[in-house]
Amino acid sequence: MSASLCTAAARRGAHRASLPSRLWRLDLPRHSSVSAPHLSPGERLAGRLQSVAVGAALLTAAALVFCHVSQPLHMDGDAAIQGPRPKRATKAAVQHDVPRPASDSKYGSKEDVQKAIEELRKAIPREGAVNTDPVVLQLYGSSDKSYHPASPHSVVIHPESTEEVVEVVNVARKYRIPIVPYSGATSLEGHFSGCPQGSICIDVSGMNKILEIHENDSDLICQAGARWEDINRTLEEKGISLFFPLDPGPGATIGGMIGTGCSGTNAVRYGTARGEWFLNVTVVLPNGKVIKTRRRARKSSAGIDMTKLFIGAEGTLGIVTEATLRLAPIIPTKVAMAQFPDVEHAVSAVQEILNTPAGPHIQCVELLDDHMMEAIADAGLVSETYPIHDTLFFKIQGDPSAIDSTARTVQDIVAKHRSVYFKFATTADEAEELWESRKYALMSTIESEEDARCWTTDVCVPVSKLPELVCETKKDLEESKLKSTIVGHVGDGNFHAFILFKRDDELKAVSDAVHRLVHRAIALDGTCTGEHGVGIGKREYLMEELGPDTVELMWTIKQAIDPLDIMNPGKLYPDMSKDDMSSRV
């Protein structure tokens, strides 16, 4: 939720590169059948013995060829790696210190790191492009919004083009130095923490240009460091009635949104990053090659969807440098609010509303629990406060008649579910004032308690399970004597818990409460994260959520694309046991 930490550098346009697809064809000779002449029994026996000898020789040759070609296949630009393959920890476990790959020796030494830095200075000689200031390295390797293990980087690079990113990746691969991507610094799960053995941080926030706008096609091409808010502001300034509907935390950039598979308040109407909002991405792979995942057509059934391979990959398969974004038309919007005696009645009302013909006109539906409404009232950041109840905030979109009809439907249904208060904003000013409570939810939570710090986490469950999850979580937090608030994207079962604490000795209790919340969500057929991503903080839960075979497949893809494990190591992928690793090899 923090703003970008980088200093502005001189910008220049990036040359978009893509690799043409190649079609390889192997023409095999066709053998015509030849009739065998009549042979005597002795001749036939001699022929069979000769065939046996030839067959044995062929089998021996085939075995030798098999042993040669069955070595591990590597997609790295250099020769196949020699020596033992990387090993992981013996079991999935809570990480209480900075996650390290099992053997640091597979990465370059301190001397290799220094050689890499010197080579990077020569490769990108622009002033300020290569930064080794200890304060900057610490800043880029940690976050005041995250309480997961962190470590400073060895160097921070500020590229301005895809070509410069390629230079960095090639140097990192040469010296086997881990690479950590960075852009908006809004991640909450330790995604951009440094590696203790040394790491190169690639800050793409300076690559923030909108390169092309195709209004007639409702799409645009931008660099990975562009912020979603700046994109929408630019479209508005140009008088283009389109917008990019994914709306995560303020300051989030396109590269980070792709990496974490983000969403936001608009998800109930427009979906998430895993939908078709990213038509293609340009990626620098660990081997230094640059690929473009597909063309700009609105849809394609040509092969595997390579774009989605990188959505949610958190920079572990490559560095995204550009993307083509699909845009949506701007539709008039109004805001409504309804309050309830408890969460169960609020969620039941939402389920019924979304299953009516009025459902498609609901752009957002947000739940703020009673603790959150109390925090908003205490913080004094909004112009008007409301009674302390579990509260739903709606954004209703459409033409005037559709909005009026939907508002009446919403009012009727919430009344049926024992709503104690309903308000509909009839003007734009009223709508902005009403939505303020949702807008300032996190800040109000922090300001409600003097000198408090806040651990933010999220989970997601089937919508019908949300009341059970919220009620059990609130009870657990109260019994743990932890002050907290809850805000949820209730239309899709995703909610965030903001847990406050002041002293370091309270951090253990907060962490334990988060663990119980995640296990509770998974037990309800949910997920450990609806939109924050995995990073360091949630990777230990993937084995429980996805199962060992799915995790094994994730590792197989990772090792095929990044055999040196230099792309954001220690993030996303759970540790696997030696037995699992051996069986896979």
# chains A, B, ... in the order shown; residues from 1 in each chain; ligands from 1

$ select_by_dssp --residues "stretch 468-517 of chain A" --states "strand (DSSP E or B)" --output "PyMOL selection string"
chain A and resi 484-489+494-501

$ residues_around --residues "stretch 142-148 of chain A" --least-positions-apart "5" --cutoff "6 Å" --atoms "only C-alpha atoms" --output "list in words"
Leu188, Gly190 and Ser193 of chain A

$ closest_residue --among "A:Ile561, A:Val490, A:Ala336, A:Leu279" --to "A:Ala297" --atoms "only C-alpha atoms"
A:Leu279

$ closest_atom_pairs --of "stretch 317-420 of chain A" --to "stretch 444-448 of chain A" --cutoff "6 Å" --atoms "only C-alpha atoms" --output "CSV"
residue,atom,partner,partner_atom,distance
A:Ala375,CA,A:Ser448,CA,5.4
A:Ile376,CA,A:Ser444,CA,5.1
A:Asp378,CA,A:Ser448,CA,5.7
A:Ala379,CA,A:Ser448,CA,4.8

$ residues_around --residues "stretch 429-432 of chain A" --least-positions-apart "5" --cutoff "10 Å" --atoms "only C-alpha atoms" --output "number ranges by chain"
A: 333-337, 395, 424, 437, 439

$ write_last_selection --atoms "all heavy atoms" --output "mmCIF file, in the first residue's frame"
data_model
loop_
_atom_site.group_PDB
_atom_site.id
_atom_site.type_symbol
_atom_site.label_atom_id
_atom_site.label_comp_id
_atom_site.auth_asym_id
_atom_site.auth_seq_id
_atom_site.Cartn_x
_atom_site.Cartn_y
_atom_site.Cartn_z
ATOM 1 N N THR A 333 -21.860 5.544 -12.493
ATOM 2 C CA THR A 333 -21.886 4.774 -11.244
ATOM 3 C C THR A 333 -22.495 5.588 -10.113
ATOM 4 O O THR A 333 -22.269 6.791 -10.008
ATOM 5 C CB THR A 333 -20.448 4.354 -10.852
ATOM 6 O OG1 THR A 333 -19.878 3.595 -11.904
ATOM 7 C CG2 THR A 333 -20.455 3.514 -9.582
ATOM 8 N N LYS A 334 -23.270 4.933 -9.274
ATOM 9 C CA LYS A 334 -23.790 5.516 -8.037
ATOM 10 C C LYS A 334 -23.437 4.607 -6.861
ATOM 11 O O LYS A 334 -23.074 3.432 -7.063
ATOM 12 C CB LYS A 334 -25.311 5.699 -8.112
ATOM 13 C CG LYS A 334 -25.769 6.754 -9.112
ATOM 14 C CD LYS A 334 -25.393 8.157 -8.668
ATOM 15 C CE LYS A 334 -25.819 9.216 -9.674
ATOM 16 N NZ LYS A 334 -27.275 9.304 -9.801
ATOM 17 N N VAL A 335 -23.558 5.123 -5.648
ATOM 18 C CA VAL A 335 -23.140 4.392 -4.444
ATOM 19 C C VAL A 335 -24.318 4.237 -3.487
ATOM 20 O O VAL A 335 -25.137 5.158 -3.338
ATOM 21 C CB VAL A 335 -21.979 5.127 -3.738
ATOM 22 C CG1 VAL A 335 -21.603 4.425 -2.431
ATOM 23 C CG2 VAL A 335 -20.760 5.214 -4.658
ATOM 24 N N ALA A 336 -24.403 3.076 -2.857
ATOM 25 C CA ALA A 336 -25.420 2.821 -1.834
ATOM 26 C C ALA A 336 -24.764 2.146 -0.636
ATOM 27 O O ALA A 336 -23.674 1.562 -0.749
ATOM 28 C CB ALA A 336 -26.535 1.946 -2.383
ATOM 29 N N MET A 337 -25.436 2.220 0.517
ATOM 30 C CA MET A 337 -24.915 1.612 1.732
ATOM 31 C C MET A 337 -26.057 0.944 2.487
ATOM 32 O O MET A 337 -27.184 1.463 2.517
ATOM 33 C CB MET A 337 -24.273 2.671 2.627
ATOM 34 C CG MET A 337 -23.702 2.127 3.931
ATOM 35 S SD MET A 337 -23.245 3.436 5.089
ATOM 36 C CE MET A 337 -24.867 3.917 5.702
ATOM 37 N N LYS A 395 -21.319 -0.215 -5.272
ATOM 38 C CA LYS A 395 -21.254 0.654 -6.442
ATOM 39 C C LYS A 395 -22.159 0.039 -7.499
ATOM 40 O O LYS A 395 -21.995 -1.135 -7.860
ATOM 41 C CB LYS A 395 -19.821 0.783 -6.966
ATOM 42 C CG LYS A 395 -18.972 1.790 -6.209
ATOM 43 C CD LYS A 395 -17.633 2.020 -6.908
ATOM 44 C CE LYS A 395 -16.810 3.075 -6.173
ATOM 45 N NZ LYS A 395 -15.500 3.303 -6.835
ATOM 46 N N PHE A 424 -28.882 5.700 -0.217
ATOM 47 C CA PHE A 424 -28.518 5.725 -1.629
ATOM 48 C C PHE A 424 -28.085 7.138 -1.996
ATOM 49 O O PHE A 424 -28.816 8.110 -1.741
ATOM 50 C CB PHE A 424 -29.701 5.294 -2.502
ATOM 51 C CG PHE A 424 -29.428 5.364 -3.980
ATOM 52 C CD1 PHE A 424 -28.556 4.476 -4.578
ATOM 53 C CD2 PHE A 424 -30.041 6.334 -4.768
ATOM 54 C CE1 PHE A 424 -28.302 4.541 -5.939
ATOM 55 C CE2 PHE A 424 -29.796 6.407 -6.121
ATOM 56 C CZ PHE A 424 -28.920 5.506 -6.719
ATOM 57 N N SER A 437 -15.700 6.099 3.463
ATOM 58 C CA SER A 437 -15.502 5.133 4.547
ATOM 59 C C SER A 437 -14.726 3.919 4.053
ATOM 60 O O SER A 437 -13.827 3.412 4.736
ATOM 61 C CB SER A 437 -16.845 4.696 5.133
ATOM 62 O OG SER A 437 -17.476 5.765 5.783
ATOM 63 N N LYS A 439 -12.789 3.896 1.308
ATOM 64 C CA LYS A 439 -11.502 4.362 0.800
ATOM 65 C C LYS A 439 -10.459 4.485 1.911
ATOM 66 O O LYS A 439 -9.286 4.171 1.721
ATOM 67 C CB LYS A 439 -11.691 5.705 0.090
ATOM 68 C CG LYS A 439 -10.444 6.278 -0.543
ATOM 69 C CD LYS A 439 -10.765 7.584 -1.259
ATOM 70 C CE LYS A 439 -9.536 8.201 -1.901
ATOM 71 N NZ LYS A 439 -9.854 9.485 -2.583
#

$ select_by_dssp --residues "stretch 332-435 of chain A" --states "alpha helix (DSSP H)" --output "NGL selection string"
:A and (343-354 or 370-379 or 400-416 or 428-435)

$ write_last_selection --atoms "C-alpha atoms" --output "short mmCIF file (atom, residue, chain, number, x, y, z; two decimals), in the first residue's frame"
data_model
loop_
_atom_site.label_atom_id
_atom_site.label_comp_id
_atom_site.auth_asym_id
_atom_site.auth_seq_id
_atom_site.Cartn_x
_atom_site.Cartn_y
_atom_site.Cartn_z
CA VAL A 343 -22.27 -10.52 8.89
CA GLU A 344 -24.42 -13.55 8.08
CA HIS A 345 -27.41 -11.42 7.09
CA ALA A 346 -25.19 -9.06 5.09
CA VAL A 347 -23.59 -11.85 3.04
CA SER A 348 -26.93 -13.60 2.48
CA ALA A 349 -28.30 -10.37 1.04
CA VAL A 350 -25.34 -10.07 -1.34
CA GLN A 351 -25.75 -13.63 -2.58
CA GLU A 352 -29.39 -12.99 -3.42
CA ILE A 353 -28.68 -9.64 -5.10
CA LEU A 354 -25.94 -11.05 -7.35
CA ASP A 370 -18.57 -3.30 13.03
CA HIS A 371 -15.00 -2.96 14.34
CA MET A 372 -14.01 -1.25 11.11
CA MET A 373 -16.93 1.18 11.29
CA GLU A 374 -15.93 1.98 14.86
CA ALA A 375 -12.32 2.59 13.80
CA ILE A 376 -13.48 4.92 11.01
CA ALA A 377 -15.54 6.89 13.52
CA ASP A 378 -12.60 7.10 15.96
CA ALA A 379 -9.96 8.05 13.38
CA PRO A 400 -29.98 6.14 -15.14
CA SER A 401 -32.91 3.76 -15.51
CA ALA A 402 -30.73 0.69 -14.82
CA ILE A 403 -29.21 2.33 -11.74
CA ASP A 404 -32.62 3.28 -10.35
CA SER A 405 -34.02 -0.20 -10.97
CA THR A 406 -30.97 -1.88 -9.39
CA ALA A 407 -31.07 0.45 -6.38
CA ARG A 408 -34.71 -0.48 -5.75
CA THR A 409 -33.87 -4.18 -6.02
CA VAL A 410 -30.96 -3.79 -3.59
CA GLN A 411 -33.11 -1.87 -1.12
CA ASP A 412 -35.89 -4.49 -1.24
CA ILE A 413 -33.52 -7.43 -0.76
CA VAL A 414 -31.47 -5.91 2.09
CA ALA A 415 -34.72 -5.07 3.89
CA LYS A 416 -35.74 -8.71 3.60
CA ALA A 428 -21.77 12.46 -7.43
CA ASP A 429 -20.75 14.43 -4.33
CA GLU A 430 -22.91 12.25 -2.08
CA ALA A 431 -21.47 9.12 -3.71
CA GLU A 432 -17.90 10.28 -3.12
CA GLU A 433 -18.69 11.16 0.49
CA LEU A 434 -20.38 7.80 1.10
CA TRP A 435 -17.48 5.83 -0.44
#

$ residues_around --residues "A:Lys209" --least-positions-apart "4" --cutoff "7 Å" --atoms "only C-alpha atoms" --output "JSON, numbers by chain"
{"A": [222, 223, 226]}

$ closest_residue --among "A:Gly359, A:Gly108, A:Gly533, A:Pro134" --to "A:Ile311" --atoms "only C-alpha atoms"
A:Gly533

$ atom_distance --atom1 "atom CA of A:Tyr107" --atom2 "atom CA of A:Met543"
26.1 Å

$ atom_distance --atom1 "atom CA of A:Gly256" --atom2 "atom CA of A:Val365"
24.5 Å

$ closest_residue --among "A:Arg503, A:His515, A:His489, A:Lys558" --to "A:Gly530" --atoms "only C-alpha atoms"
A:His489

$ residues_around --residues "stretch 173-186 of chain A" --least-positions-apart "2" --cutoff "6 Å" --atoms "only C-alpha atoms" --output "JSON, numbers by chain"
{"A": [1, 2, 4, 107, 108, 112, 170, 171, 199, 200, 201, 202, 203, 204, 205, 225, 251, 252, 253, 566, 567, 568]}

$ atom_distance --atom1 "atom CA of A:Arg326" --atom2 "atom CA of A:Glu366"
24.6 Å

$ decode --residues "stretch 560-575 of chain A" --atoms "all heavy atoms" --output "compact mmCIF listing (two decimals), in the first residue's frame"
# COMPACT_ATOMS: atom_id res chain seq x y z
N ALA A 560 12.52 -26.11 -15.31
CA ALA A 560 12.70 -26.14 -16.76
C ALA A 560 13.06 -24.76 -17.30
O ALA A 560 13.93 -24.62 -18.17
CB ALA A 560 11.44 -26.66 -17.44
N ILE A 561 12.41 -23.73 -16.79
CA ILE A 561 12.63 -22.38 -17.29
C ILE A 561 13.81 -21.70 -16.60
O ILE A 561 14.56 -20.95 -17.21
CB ILE A 561 11.35 -21.53 -17.10
CG1 ILE A 561 10.20 -22.13 -17.93
CG2 ILE A 561 11.58 -20.07 -17.50
CD1 ILE A 561 8.87 -21.44 -17.72
N ASP A 562 14.00 -21.99 -15.31
CA ASP A 562 15.03 -21.32 -14.51
C ASP A 562 15.88 -22.37 -13.78
O ASP A 562 15.82 -22.48 -12.56
CB ASP A 562 14.36 -20.36 -13.52
CG ASP A 562 15.36 -19.59 -12.67
OD1 ASP A 562 16.52 -19.45 -13.09
OD2 ASP A 562 14.98 -19.15 -11.57
N PRO A 563 16.68 -23.16 -14.51
CA PRO A 563 17.42 -24.25 -13.86
C PRO A 563 18.44 -23.77 -12.84
O PRO A 563 18.78 -24.52 -11.92
CB PRO A 563 18.11 -24.94 -15.04
CG PRO A 563 18.18 -23.91 -16.12
CD PRO A 563 16.94 -23.10 -15.97
N LEU A 564 18.93 -22.54 -12.96
CA LEU A 564 19.87 -22.02 -11.97
C LEU A 564 19.16 -21.47 -10.73
O LEU A 564 19.82 -21.12 -9.75
CB LEU A 564 20.73 -20.90 -12.60
CG LEU A 564 21.65 -21.31 -13.74
CD1 LEU A 564 22.39 -20.08 -14.28
CD2 LEU A 564 22.64 -22.36 -13.28
N ASP A 565 17.83 -21.37 -10.78
CA ASP A 565 17.04 -20.85 -9.66
C ASP A 565 17.53 -19.46 -9.25
O ASP A 565 17.71 -19.17 -8.07
CB ASP A 565 17.10 -21.80 -8.47
CG ASP A 565 16.03 -21.48 -7.42
OD1 ASP A 565 15.04 -20.80 -7.77
OD2 ASP A 565 16.19 -21.90 -6.26
N ILE A 566 17.70 -18.57 -10.24
CA ILE A 566 18.16 -17.21 -9.94
C ILE A 566 17.02 -16.21 -9.92
O ILE A 566 17.20 -15.07 -9.48
CB ILE A 566 19.24 -16.73 -10.93
CG1 ILE A 566 18.70 -16.72 -12.37
CG2 ILE A 566 20.50 -17.56 -10.81
CD1 ILE A 566 19.65 -16.08 -13.38
N MET A 567 15.83 -16.61 -10.40
CA MET A 567 14.71 -15.67 -10.47
C MET A 567 13.91 -15.67 -9.17
O MET A 567 13.16 -16.60 -8.89
CB MET A 567 13.80 -16.01 -11.66
CG MET A 567 14.42 -15.70 -13.01
SD MET A 567 14.54 -13.91 -13.23
CE MET A 567 15.31 -13.82 -14.85
N ASN A 568 14.10 -14.65 -8.35
CA ASN A 568 13.38 -14.45 -7.09
C ASN A 568 13.31 -15.72 -6.25
O ASN A 568 12.22 -16.15 -5.84
CB ASN A 568 11.97 -13.92 -7.36
CG ASN A 568 11.50 -12.98 -6.26
OD1 ASN A 568 12.25 -12.59 -5.37
ND2 ASN A 568 10.24 -12.60 -6.31
N PRO A 569 14.45 -16.33 -5.94
CA PRO A 569 14.43 -17.60 -5.17
C PRO A 569 13.91 -17.40 -3.76
O PRO A 569 13.99 -16.31 -3.20
CB PRO A 569 15.90 -18.02 -5.17
CG PRO A 569 16.66 -16.74 -5.34
CD PRO A 569 15.82 -15.88 -6.24
N GLY A 570 13.38 -18.48 -3.20
CA GLY A 570 12.86 -18.43 -1.83
C GLY A 570 11.46 -17.88 -1.73
O GLY A 570 10.92 -17.74 -0.63
N LYS A 571 10.83 -17.58 -2.86
CA LYS A 571 9.47 -17.05 -2.89
C LYS A 571 8.55 -18.05 -3.61
O LYS A 571 9.01 -18.84 -4.44
CB LYS A 571 9.40 -15.70 -3.62
CG LYS A 571 10.57 -14.76 -3.38
CD LYS A 571 10.59 -14.18 -2.00
CE LYS A 571 11.88 -13.42 -1.74
NZ LYS A 571 12.19 -12.35 -2.69
N LEU A 572 7.30 -18.02 -3.30
CA LEU A 572 6.21 -18.72 -4.00
C LEU A 572 6.22 -20.23 -3.84
O LEU A 572 5.23 -20.81 -3.39
CB LEU A 572 6.23 -18.36 -5.50
CG LEU A 572 5.13 -19.00 -6.37
CD1 LEU A 572 3.75 -18.61 -5.89
CD2 LEU A 572 5.31 -18.63 -7.83
N TYR A 573 7.33 -20.91 -4.16
CA TYR A 573 7.33 -22.37 -4.21
C TYR A 573 7.62 -22.97 -2.83
O TYR A 573 8.64 -22.65 -2.21
CB TYR A 573 8.39 -22.87 -5.20
CG TYR A 573 8.21 -22.30 -6.58
CD1 TYR A 573 8.78 -21.08 -6.91
CD2 TYR A 573 7.47 -22.96 -7.54
CE1 TYR A 573 8.61 -20.53 -8.17
CE2 TYR A 573 7.29 -22.42 -8.81
CZ TYR A 573 7.87 -21.20 -9.11
OH TYR A 573 7.69 -20.66 -10.36
N PRO A 574 6.76 -23.87 -2.33
CA PRO A 574 7.02 -24.51 -1.05
C PRO A 574 8.22 -25.45 -1.16
O PRO A 574 8.52 -25.97 -2.23
CB PRO A 574 5.75 -25.31 -0.76
CG PRO A 574 4.77 -24.93 -1.80
CD PRO A 574 5.51 -24.34 -2.94
N ASP A 575 8.90 -25.66 -0.04
CA ASP A 575 9.98 -26.64 0.00
C ASP A 575 9.39 -28.03 -0.19
O ASP A 575 8.28 -28.32 0.24
CB ASP A 575 10.72 -26.58 1.33
CG ASP A 575 11.52 -25.29 1.47
OD1 ASP A 575 11.85 -24.70 0.43
OD2 ASP A 575 11.80 -24.89 2.60
